[in-house]
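**Student:** Below is structure_27.txt; it holds compact mmCIF, C-alpha atoms.
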```
# COMPACT_ATOMS: atom_id res chain seq x y z
CA MET A 1 31.24 -1.49 -13.83
CA ALA A 2 30.52 2.03 -15.07
CA ALA A 3 29.21 4.45 -12.47
CA GLU A 4 26.22 5.36 -14.62
CA ALA A 5 25.18 2.05 -16.15
CA GLN A 6 22.38 2.50 -18.60
CA PHE A 7 19.25 1.21 -16.97
CA HIS A 8 16.37 0.41 -19.27
CA VAL A 9 12.98 1.42 -17.93
CA LEU A 10 9.67 0.28 -19.36
CA ALA A 11 6.96 2.93 -18.97
CA VAL A 12 3.30 2.03 -19.38
CA ASP A 13 0.59 4.66 -19.75
CA ASP A 14 -2.47 4.97 -21.98
CA SER A 15 -2.18 8.78 -22.04
CA VAL A 16 0.00 10.08 -24.85
CA ILE A 17 0.76 13.22 -22.85
CA ASP A 18 1.84 11.31 -19.78
CA ARG A 19 3.93 8.94 -21.88
CA LYS A 20 5.80 11.88 -23.31
CA LEU A 21 6.26 13.36 -19.86
CA ILE A 22 7.50 10.21 -18.18
CA GLU A 23 9.79 9.49 -21.07
CA ARG A 24 11.39 12.92 -20.79
CA LEU A 25 11.65 12.65 -17.00
CA LEU A 26 13.36 9.29 -17.24
CA LYS A 27 15.69 10.37 -20.03
CA THR A 28 16.71 13.39 -17.97
CA SER A 29 17.96 10.87 -15.43
CA SER A 30 19.87 9.11 -18.19
CA TYR A 31 17.69 6.05 -18.34
CA GLN A 32 16.96 4.29 -21.56
CA VAL A 33 13.20 4.31 -22.01
CA THR A 34 10.61 2.25 -23.83
CA ALA A 35 7.09 3.61 -23.50
CA VAL A 36 4.02 1.56 -24.36
CA ASP A 37 0.35 2.40 -24.14
CA SER A 38 -1.12 -0.71 -22.52
CA GLY A 39 -0.49 -3.53 -20.09
CA SER A 40 -0.81 -6.13 -22.80
CA LYS A 41 1.78 -4.34 -24.93
CA ALA A 42 4.04 -4.20 -21.88
CA LEU A 43 3.71 -7.94 -21.34
CA GLY A 44 4.34 -8.53 -25.01
CA PHE A 45 7.50 -6.45 -24.82
CA LEU A 46 8.59 -8.36 -21.74
CA GLY A 47 8.13 -11.63 -23.55
CA ILE A 48 4.93 -12.84 -21.95
CA HIS A 49 1.86 -13.61 -23.97
CA GLU A 50 -1.65 -13.98 -22.59
CA ASP A 51 -2.25 -17.24 -24.35
CA GLU A 52 0.48 -19.04 -22.45
CA GLU A 53 -1.08 -21.77 -20.34
CA ASN A 54 1.38 -21.56 -17.48
CA ASN A 55 2.68 -18.27 -16.27
CA GLU A 56 5.99 -18.97 -17.88
CA ALA A 57 7.63 -16.40 -20.08
CA SER A 58 7.25 -17.12 -23.74
CA ILE A 59 10.78 -17.29 -24.97
CA HIS A 60 11.33 -15.99 -28.46
CA SER A 61 14.94 -16.23 -29.18
CA VAL A 62 16.53 -17.87 -26.19
CA SER A 63 17.55 -21.50 -26.19
CA PRO A 64 15.91 -23.89 -23.68
CA ASN A 65 17.33 -24.92 -20.31
CA HIS A 66 17.78 -21.45 -18.92
CA ASP A 67 16.45 -22.30 -15.48
CA ASP A 68 19.51 -20.85 -13.82
CA ASP A 69 19.37 -17.57 -15.66
CA ASP A 70 17.80 -14.51 -14.10
CA HIS A 71 15.78 -13.07 -16.92
CA HIS A 72 14.09 -14.86 -19.78
CA GLN A 73 13.14 -11.60 -21.41
CA ASP A 74 14.18 -10.54 -24.86
CA VAL A 75 15.24 -7.17 -23.46
CA ASP A 76 16.82 -6.41 -20.11
CA ILE A 77 14.36 -4.22 -18.24
CA SER A 78 15.56 -2.80 -14.94
CA LEU A 79 12.31 -1.23 -13.79
CA ILE A 80 8.70 -0.96 -14.84
CA ILE A 81 6.73 2.20 -14.15
CA THR A 82 3.05 1.98 -14.92
CA ASP A 83 -0.09 4.06 -14.70
CA TYR A 84 -2.84 2.56 -12.57
CA CYS A 85 -5.96 3.58 -14.52
CA MET A 86 -5.80 2.02 -17.94
CA PRO A 87 -8.56 0.42 -19.97
CA GLU A 88 -8.61 -3.38 -20.27
CA MET A 89 -5.66 -4.03 -17.99
CA THR A 90 -5.04 -1.78 -15.01
CA GLY A 91 -1.58 -1.12 -13.60
CA TYR A 92 -2.56 -3.38 -10.73
CA ASP A 93 -3.44 -6.23 -13.09
CA LEU A 94 -0.13 -5.75 -14.83
CA LEU A 95 1.71 -5.72 -11.51
CA ARG A 96 0.10 -9.01 -10.54
CA LYS A 97 0.99 -10.66 -13.81
CA ILE A 98 4.58 -9.54 -13.43
CA LYS A 99 4.80 -10.84 -9.87
CA GLU A 100 3.28 -14.14 -10.96
CA SER A 101 5.90 -14.60 -13.61
CA LYS A 102 8.97 -16.57 -12.65
CA SER A 103 11.17 -14.58 -14.97
CA LEU A 104 9.78 -11.12 -14.29
CA LYS A 105 8.86 -11.07 -10.62
CA ASP A 106 12.13 -9.55 -9.51
CA ILE A 107 11.83 -6.51 -11.71
CA PRO A 108 10.89 -3.54 -9.52
CA VAL A 109 7.50 -2.07 -10.37
CA VAL A 110 6.34 1.45 -9.60
CA ILE A 111 2.72 2.53 -9.93
CA MET A 112 1.53 6.04 -10.87
CA SER A 113 -1.93 7.43 -10.34
CA SER A 114 -3.67 10.77 -10.49
CA ASP A 115 -6.04 9.65 -7.72
CA ASN A 116 -4.95 9.54 -4.11
CA ILE A 117 -6.90 6.53 -2.89
CA PRO A 118 -5.33 4.84 0.17
CA SER A 119 -6.97 1.46 -0.44
CA ARG A 120 -5.65 1.47 -3.98
CA ILE A 121 -2.17 2.43 -2.82
CA ASN A 122 -2.24 -0.29 -0.16
CA ARG A 123 -3.32 -2.92 -2.62
CA CYS A 124 -0.46 -2.11 -4.93
CA LEU A 125 2.15 -2.09 -2.21
CA GLU A 126 0.78 -5.37 -0.84
CA GLU A 127 1.07 -6.89 -4.26
CA GLY A 128 4.73 -5.92 -4.34
CA ALA A 129 4.98 -2.51 -5.95
CA GLU A 130 8.07 -0.64 -4.79
CA GLU A 131 6.54 2.80 -4.86
CA PHE A 132 3.39 4.64 -5.62
CA PHE A 133 3.72 8.05 -7.29
CA LEU A 134 0.93 10.59 -7.45
CA LYS A 135 0.63 12.29 -10.80
CA PRO A 136 1.87 14.51 -12.21
CA VAL A 137 5.19 12.78 -11.63
CA GLN A 138 8.04 15.11 -10.71
CA VAL A 139 11.78 15.05 -11.12
CA SER A 140 12.07 14.43 -7.38
CA ASP A 141 9.97 11.27 -7.79
CA VAL A 142 12.17 9.96 -10.57
CA ASN A 143 15.22 10.56 -8.38
CA LYS A 144 13.83 7.97 -6.00
CA LEU A 145 13.98 5.27 -8.62
CA LYS A 146 17.74 4.84 -8.51
CA SER A 147 17.71 2.94 -5.23
CA HIS A 148 15.08 0.52 -6.55
CA LEU A 149 17.00 -0.02 -9.74
CA LEU A 150 20.16 -0.81 -7.82
CA LYS A 151 18.21 -3.09 -5.48
CA GLY A 152 16.86 -4.91 -8.48
CA LYS A 153 20.35 -5.44 -9.77
CA ALA A 154 21.55 -6.69 -6.40
CA LYS A 155 18.64 -9.09 -6.20
CA GLU A 156 19.92 -11.03 -9.15
CA SER A 157 22.53 -12.58 -6.93
CA GLN A 158 20.58 -12.76 -3.70
CA PRO A 159 17.85 -15.01 -2.37
CA ASN A 160 14.36 -13.56 -2.62
CA ILE A 161 14.06 -11.34 0.43
CA ASN A 162 10.56 -10.39 1.38
CA LYS A 163 10.88 -6.67 1.88
CA ARG A 164 7.21 -5.84 1.75
CA ASN A 165 5.84 -3.79 4.53
CA ILE A 166 2.61 -1.96 4.34
CA MET A 167 2.65 1.67 5.33
CA GLU A 168 0.20 1.96 8.19
CA GLU A 169 -0.21 5.69 8.06
CA MET A 170 -1.88 6.30 4.74
CA SER A 171 -2.85 9.82 5.64
CA SER A 172 0.68 11.02 5.05
CA PRO A 173 0.90 14.27 3.09
CA ASP A 174 3.80 12.87 1.11
CA ARG A 175 3.24 12.43 -2.56
CA THR A 176 5.02 9.13 -2.84
CA ILE A 177 4.55 6.03 -0.78
CA THR A 178 7.69 3.98 -0.57
CA ASN A 179 7.74 0.34 0.31
CA TYR A 180 10.55 0.46 2.84
CA GLY A 181 10.56 -1.81 5.88
CA GLY A 182 8.54 0.40 8.17
CA LEU A 183 10.64 3.49 7.55
CA GLU A 184 9.17 6.79 6.46
CA ASN A 185 9.89 8.18 3.01
CA VAL A 186 13.51 9.25 2.77
CA MET B 187 18.58 44.38 -29.41
CA ASP B 188 16.11 46.64 -27.61
CA SER B 189 13.11 44.92 -29.06
CA VAL B 190 14.39 41.54 -27.91
CA VAL B 191 14.63 42.81 -24.36
CA GLN B 192 11.15 44.22 -24.67
CA LEU B 193 9.80 40.97 -26.02
CA GLN B 194 11.51 39.03 -23.27
CA LYS B 195 9.94 41.26 -20.65
CA GLN B 196 6.59 40.88 -22.35
CA LEU B 197 6.95 37.12 -22.19
CA VAL B 198 7.93 37.04 -18.54
CA ASP B 199 5.01 39.33 -17.65
CA TYR B 200 2.63 37.30 -19.74
CA ILE B 201 3.58 34.03 -18.14
CA ALA B 202 3.32 35.65 -14.70
CA SER B 203 -0.20 36.82 -15.50
CA LEU B 204 -1.22 33.35 -16.61
CA PHE B 205 -0.10 31.98 -13.28
CA HIS B 206 -1.70 34.83 -11.41
CA GLU B 207 -5.03 34.30 -13.12
CA GLY B 208 -4.91 30.57 -12.47
CA PHE B 209 -4.68 29.46 -16.07
CA LEU B 210 -1.41 27.69 -15.38
CA ASP B 211 0.05 26.18 -12.25
CA GLU B 212 3.40 24.94 -10.99
CA GLN B 213 3.27 21.89 -13.25
CA PHE B 214 3.82 24.17 -16.23
CA ASN B 215 7.06 25.31 -14.63
CA GLN B 216 8.07 21.68 -14.30
CA LEU B 217 7.54 21.24 -18.02
CA GLN B 218 9.68 24.26 -18.79
CA GLN B 219 12.43 22.90 -16.61
CA LEU B 220 12.43 19.69 -18.61
CA GLN B 221 13.20 21.69 -21.73
CA ASP B 222 16.82 22.30 -22.63
CA GLU B 223 19.17 22.61 -25.60
CA SER B 224 18.83 18.91 -26.36
CA ASN B 225 15.02 19.12 -26.19
CA PRO B 226 14.29 22.73 -27.16
CA ASP B 227 10.70 22.09 -28.24
CA PHE B 228 9.60 19.88 -25.40
CA VAL B 229 6.93 22.20 -24.00
CA VAL B 230 5.42 22.95 -27.40
CA GLU B 231 5.38 19.24 -28.18
CA VAL B 232 3.65 18.22 -24.99
CA VAL B 233 1.16 21.05 -25.20
CA SER B 234 0.42 20.18 -28.83
CA LEU B 235 -0.34 16.64 -27.77
CA PHE B 236 -2.59 18.09 -25.11
CA PHE B 237 -4.46 20.18 -27.70
CA GLU B 238 -5.01 17.18 -29.95
CA ASP B 239 -6.08 14.94 -27.12
CA SER B 240 -8.41 17.58 -25.70
CA GLU B 241 -10.20 18.07 -29.00
CA ARG B 242 -10.74 14.35 -29.15
CA LEU B 243 -12.04 14.20 -25.60
CA LEU B 244 -14.39 17.15 -26.09
CA ASN B 245 -15.86 15.43 -29.14
CA GLU B 246 -16.30 12.19 -27.24
CA LEU B 247 -17.92 14.03 -24.35
CA ALA B 248 -20.35 15.87 -26.60
CA LYS B 249 -21.28 12.60 -28.28
CA ALA B 250 -21.69 10.73 -25.02
CA LEU B 251 -23.91 13.43 -23.55
CA GLU B 252 -26.10 13.55 -26.64
CA GLN B 253 -27.18 9.95 -26.22
CA LYS B 254 -30.75 9.20 -25.26
CA THR B 255 -29.52 7.07 -22.42
CA ILE B 256 -26.33 8.56 -21.09
CA ASP B 257 -23.59 6.17 -20.04
CA PHE B 258 -22.18 8.14 -17.12
CA ARG B 259 -19.32 5.74 -16.64
CA LYS B 260 -18.20 6.48 -20.16
CA VAL B 261 -18.57 10.21 -19.62
CA ASP B 262 -16.62 9.93 -16.38
CA ALA B 263 -13.87 7.96 -18.08
CA HIS B 264 -13.39 10.76 -20.61
CA VAL B 265 -13.45 13.45 -17.94
CA HIS B 266 -10.96 11.47 -15.92
CA GLN B 267 -8.62 11.45 -18.88
CA PHE B 268 -9.13 15.15 -19.43
CA LYS B 269 -8.47 15.86 -15.78
CA GLY B 270 -5.28 13.86 -15.99
CA SER B 271 -3.93 15.49 -19.10
CA SER B 272 -4.76 19.02 -17.99
CA SER B 273 -3.09 18.32 -14.68
CA SER B 274 -0.02 16.99 -16.46
CA ILE B 275 0.55 20.23 -18.34
CA GLY B 276 -0.55 22.55 -15.58
CA ALA B 277 -3.82 23.72 -17.14
CA HIS B 278 -5.22 24.51 -13.74
CA ARG B 279 -8.64 25.92 -14.55
CA VAL B 280 -9.44 23.11 -16.95
CA GLN B 281 -8.49 20.62 -14.29
CA LYS B 282 -10.75 22.31 -11.75
CA VAL B 283 -13.78 22.11 -14.01
CA CYS B 284 -13.03 18.43 -14.61
CA ILE B 285 -13.16 17.77 -10.89
CA ALA B 286 -16.62 19.32 -10.67
CA PHE B 287 -17.59 17.47 -13.83
CA ARG B 288 -16.67 14.13 -12.28
CA ASN B 289 -18.86 14.87 -9.29
CA TYR B 290 -21.84 15.43 -11.55
CA CYS B 291 -21.05 12.17 -13.34
CA GLU B 292 -21.08 10.36 -10.05
CA GLU B 293 -24.44 11.90 -9.22
CA GLN B 294 -25.64 11.06 -12.74
CA ASN B 295 -26.73 14.67 -13.00
CA VAL B 296 -27.34 15.42 -16.69
CA GLU B 297 -27.81 19.13 -16.32
CA GLY B 298 -24.70 19.44 -14.21
CA CYS B 299 -22.74 17.48 -16.77
CA LEU B 300 -23.95 19.58 -19.67
CA LYS B 301 -23.09 22.72 -17.77
CA CYS B 302 -19.62 21.40 -17.06
CA LEU B 303 -19.12 20.43 -20.65
CA GLN B 304 -19.75 24.03 -21.65
CA GLN B 305 -17.45 25.27 -18.92
CA VAL B 306 -14.65 22.91 -19.77
CA LYS B 307 -14.92 23.79 -23.45
CA HIS B 308 -14.70 27.44 -22.49
CA GLU B 309 -11.74 27.04 -20.15
CA TYR B 310 -9.96 24.86 -22.65
CA SER B 311 -10.32 27.40 -25.45
CA LEU B 312 -9.12 30.16 -23.12
CA VAL B 313 -5.99 28.30 -22.06
CA ARG B 314 -5.37 27.22 -25.62
CA ASN B 315 -5.40 30.81 -26.78
CA LYS B 316 -3.15 31.86 -23.95
CA LEU B 317 -0.63 29.14 -24.68
CA GLU B 318 -0.64 29.84 -28.38
CA THR B 319 0.05 33.49 -27.62
CA LEU B 320 2.86 32.41 -25.32
CA PHE B 321 4.44 30.25 -27.99
CA GLN B 322 4.11 33.05 -30.52
CA LEU B 323 6.00 35.38 -28.21
CA GLU B 324 8.72 32.79 -27.76
CA LYS B 325 9.00 32.36 -31.51
CA GLN B 326 9.33 36.12 -31.97
CA ILE B 327 12.10 36.30 -29.41
CA ILE B 328 14.03 33.50 -31.04
CA ALA B 329 13.49 34.96 -34.50
CA ALA B 330 14.85 38.26 -33.24
CA GLY B 331 17.97 36.44 -32.12
CA GLY B 332 17.14 36.40 -28.44
CA SER B 333 17.00 33.51 -26.02
CA LEU B 334 14.12 32.47 -23.84
CA PRO B 335 14.20 33.78 -20.28
CA ALA B 336 15.23 31.15 -17.74
CA THR B 337 12.37 29.72 -15.70
```
Here is a file; write its structure as structure tokens.

**Tutor:**
Amino acid sequence: MAAEAQFHVLAVDDSVIDRKLIERLLKTSSYQVTAVDSGSKALGFLGIHEDEENNEASIHSVSPNHDDDDHHQDVDISLIITDYCMPEMTGYDLLRKIKESKSLKDIPVVIMSSDNIPSRINRCLEEGAEEFFLKPVQVSDVNKLKSHLLKGKAKESQPNINKRNIMEEMSSPDRTITNYGGLENV
Amino acid sequence: MDSVVQLQKQLVDYIASLFHEGFLDEQFNQLQQLQDESNPDFVVEVVSLFFEDSERLLNELAKALEQKTIDFRKVDAHVHQFKGSSSSIGAHRVQKVCIAFRNYCEEQNVEGCLKCLQQVKHEYSLVRNKLETLFQLEKQIIAAGGSLPAT
């Protein structure tokens, strides 16, 4: 396997400025990027449509009987990074929908927000977000994504390990809150 | 080549003054660092998007505050966006006014909001002028065959 495999990141943000920024930040780290402006567009891209009765992925071009496969998406997304405050569907709503989806729940999700609200951060981490970045997102933040991307890849061949652990000290001056098992931010 | 050196010095001094006077903050440096040979116009592009978006937001704010019954949640939503975008490009003084603006929204203080609208319009036009001057200087340097000073 190549040392720098091309990871494909899906970025979700309703702000055109922030989309441009996150896209550039991610491309600087050699990720392939798709940026969309809403949660519903993100779900559409991931192959899930709101009108599905069950929370199963709507499969466009994949043949049936793929229960053993890892991803039923049309595109292979390695990580989703989403803004929290968006009209209609918040980043939290999107996170929940992803975690409720059989085919998408193992994709690491990172939340971004310009507001530092501990209860909000907690909620997201509890729901399974890997990290919470305060905006404006920096290069140093994006550097933290690699470990989550590699974890995501490893997960494809591992049983679902519950690695969630809520950070108890929310008054940390750190700009990012990482969902490690009780360890401080590295 | 003398004039290029002079222009380059002018640019460096100008940028320093913008930081010193609080028009720009560290985030603007971050933007410059994301610019390179493969993305030589990144900063201008982002800032142009900011200009467009800001004009839109200022219009929406003016409209929202003209209503007989003001929907403060709507006003706040616009200010929140403005705060976010100004923060993303490092437009520090604009961002600061937005913070005060949001407080007035929360208090449903019409006068406070109208005052802030004027202030934010003012700060926005100031930083816009400054940035346009900055970009002009950069253009001049490049036209004269020089390269932009490293950030």

**Student:** Restrict the distance test to all atoms listed in the file, flag each residue of chain A within 8 Å of chain B, and return the flagged residues as a list in words.

**Tutor:** Ser15, Val16, Ile17, Asp18, Lys20, Leu21, Arg24, Leu25, Thr28, Ser114, Lys135, Pro136 and Gln138 of chain A

**Student:** Quick check, in Å to one decimal: how far apart do atom CA of Arg19 of chain A and atom CA of Asn116 of chain A lie?

**Tutor:**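 Here the two named atoms are 19.9 Å from each other.
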
**Student:** Provide the atom CA of Ile256 of chain B to atom CA of Asp93 of chain A distance in Å, to one decimal place.

**Tutor:** 28.4 Å

**Student:** Name all residues at most 6 Å from segment 30-43 of chain A (count all atoms listed in the file; drop same-chain ones fewer than 4 positions away) and give them as a list in words.

**Tutor:** Gln6, Phe7, His8, Val9, Leu10, Ala11, Val12, Asp13, Asp14, Leu26, Ile48, Met89 and Leu94 of chain A

**Student:** Using the selection just defined, write its residues with C-alpha atoms as a tab-separated table (two decimals), keeping the file's coordinate frame.

**Tutor:**
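Done, and the output landed in again17.tsv:
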```
chain	number	residue	atom	x	y	z
A	6	GLN	CA	22.38	2.50	-18.60
A	7	PHE	CA	19.25	1.21	-16.97
A	8	HIS	CA	16.37	0.41	-19.27
A	9	VAL	CA	12.98	1.42	-17.93
A	10	LEU	CA	9.67	0.28	-19.36
A	11	ALA	CA	6.96	2.93	-18.97
A	12	VAL	CA	3.30	2.03	-19.38
A	13	ASP	CA	0.59	4.66	-19.75
A	14	ASP	CA	-2.47	4.97	-21.98
A	26	LEU	CA	13.36	9.29	-17.24
A	48	ILE	CA	4.93	-12.84	-21.95
A	89	MET	CA	-5.66	-4.03	-17.99
A	94	LEU	CA	-0.13	-5.75	-14.83
```

**Student:** Point out the residue among B:Arg288, B:Glu252, B:Leu193, B:His278 with the least atom-to-atom distance to Phe214 of chain B, counting all atoms listed in the file.

**Tutor:**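 That would be B:His278, the residue with the smallest distance to Phe214 of chain B.
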
**Student:** Rounded to one decimal place, report the atom CA of Val191 of chain B-atom CA of Ala329 of chain B distance in Å.

**Tutor:**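 These atoms are spaced 12.9 Å apart.
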
**Student:** Find the spatial neighbours of His264 of chain B, counting only C-alpha atoms, within a cut-off of 10 Å - ignore same-chain residues fewer than 6 positions away - and output them as a PyMOL selection string.

**Tutor:** chain B and resi 240+242-244+246-247+250+258+270+284+288

**Student:** Which residues, written as a list in words, have at least one atom at most 9 Å from Val313 of chain B, with all atoms listed in the file counted and residues fewer than 5 positions away on the same chain left out?

**Tutor:** Leu204, Phe209, Leu210, Ala277, Arg279, Val280, His308 and Glu318 of chain B

**Student:** Excluding Cys124 of chain A and residues on its chain fewer than 2 positions from it, collect all residues at most 10 Å away from it, counting all atoms listed in the file, and give them as number ranges by chain.

**Tutor:** A: 84, 91-93, 95-96, 109-111, 118-122, 126-132, 166

**Student:** Just to be explicit: take each residue in the selection above, keep C-alpha atoms, and write the result as a PDB file, in the coordinates of the input.

**Tutor:**
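File written: result26.pdb
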```
ATOM      1  CA  TYR A  84      -2.840   2.560 -12.570  1.00  0.00           C
ATOM      2  CA  GLY A  91      -1.580  -1.120 -13.600  1.00  0.00           C
ATOM      3  CA  TYR A  92      -2.560  -3.380 -10.730  1.00  0.00           C
ATOM      4  CA  ASP A  93      -3.440  -6.230 -13.090  1.00  0.00           C
ATOM      5  CA  LEU A  95       1.710  -5.720 -11.510  1.00  0.00           C
ATOM      6  CA  ARG A  96       0.100  -9.010 -10.540  1.00  0.00           C
ATOM      7  CA  VAL A 109       7.500  -2.070 -10.370  1.00  0.00           C
ATOM      8  CA  VAL A 110       6.340   1.450  -9.600  1.00  0.00           C
ATOM      9  CA  ILE A 111       2.720   2.530  -9.930  1.00  0.00           C
ATOM     10  CA  PRO A 118      -5.330   4.840   0.170  1.00  0.00           C
ATOM     11  CA  SER A 119      -6.970   1.460  -0.440  1.00  0.00           C
ATOM     12  CA  ARG A 120      -5.650   1.470  -3.980  1.00  0.00           C
ATOM     13  CA  ILE A 121      -2.170   2.430  -2.820  1.00  0.00           C
ATOM     14  CA  ASN A 122      -2.240  -0.290  -0.160  1.00  0.00           C
ATOM     15  CA  GLU A 126       0.780  -5.370  -0.840  1.00  0.00           C
ATOM     16  CA  GLU A 127       1.070  -6.890  -4.260  1.00  0.00           C
ATOM     17  CA  GLY A 128       4.730  -5.920  -4.340  1.00  0.00           C
ATOM     18  CA  ALA A 129       4.980  -2.510  -5.950  1.00  0.00           C
ATOM     19  CA  GLU A 130       8.070  -0.640  -4.790  1.00  0.00           C
ATOM     20  CA  GLU A 131       6.540   2.800  -4.860  1.00  0.00           C
ATOM     21  CA  PHE A 132       3.390   4.640  -5.620  1.00  0.00           C
ATOM     22  CA  ILE A 166       2.610  -1.960   4.340  1.00  0.00           C
TER      23      ILE A 166
END
```

**Student:** Which residues are near Val296 of chain B? Cut-off 12 Å, only C-alpha atoms, ignore same chain within fewer than 2 positions. Put them as a ChimeraX atom specification.

**Tutor:** /B:250-258,261,287-294,298-303

**Student:** Could you write out that same residue set with C-alpha atoms as a short mmCIF file (atom, residue, chain, number, x, y, z; two decimals), in the frame of the given file?

**Tutor:**
```cif
data_model
loop_
_atom_site.label_atom_id
_atom_site.label_comp_id
_atom_site.auth_asym_id
_atom_site.auth_seq_id
_atom_site.Cartn_x
_atom_site.Cartn_y
_atom_site.Cartn_z
CA ALA B 250 -21.69 10.73 -25.02
CA LEU B 251 -23.91 13.43 -23.55
CA GLU B 252 -26.10 13.55 -26.64
CA GLN B 253 -27.18 9.95 -26.22
CA LYS B 254 -30.75 9.20 -25.26
CA THR B 255 -29.52 7.07 -22.42
CA ILE B 256 -26.33 8.56 -21.09
CA ASP B 257 -23.59 6.17 -20.04
CA PHE B 258 -22.18 8.14 -17.12
CA VAL B 261 -18.57 10.21 -19.62
CA PHE B 287 -17.59 17.47 -13.83
CA ARG B 288 -16.67 14.13 -12.28
CA ASN B 289 -18.86 14.87 -9.29
CA TYR B 290 -21.84 15.43 -11.55
CA CYS B 291 -21.05 12.17 -13.34
CA GLU B 292 -21.08 10.36 -10.05
CA GLU B 293 -24.44 11.90 -9.22
CA GLN B 294 -25.64 11.06 -12.74
CA GLY B 298 -24.70 19.44 -14.21
CA CYS B 299 -22.74 17.48 -16.77
CA LEU B 300 -23.95 19.58 -19.67
CA LYS B 301 -23.09 22.72 -17.77
CA CYS B 302 -19.62 21.40 -17.06
CA LEU B 303 -19.12 20.43 -20.65
#
```

**Student:** Which one of B:Gln218, B:Ser189, B:Ser203, B:Thr319 sits closest to Pro335 of chain B if you count all atoms listed in the file?

**Tutor:**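 With all atoms listed in the file as the atom set, the closest residue is B:Gln218.
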
**Student:** Rank A:Pro87, A:Leu134, A:Arg123, A:Lys146 by their smallest atom-to-atom distance to Lys260 of chain B, using all atoms listed in the file, and report the top residue only.

**Tutor:**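 Smallest separation from Lys260 of chain B among the options: A:Pro87.
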
**Student:** Which of these, A:Leu125, A:Leu79, A:Leu150, A:Ile117, has the shortest distance to Ile177 of chain A once you count only C-alpha atoms?

**Tutor:**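 Looking at the shortest contact to Ile177 of chain A, the residue is A:Leu125.
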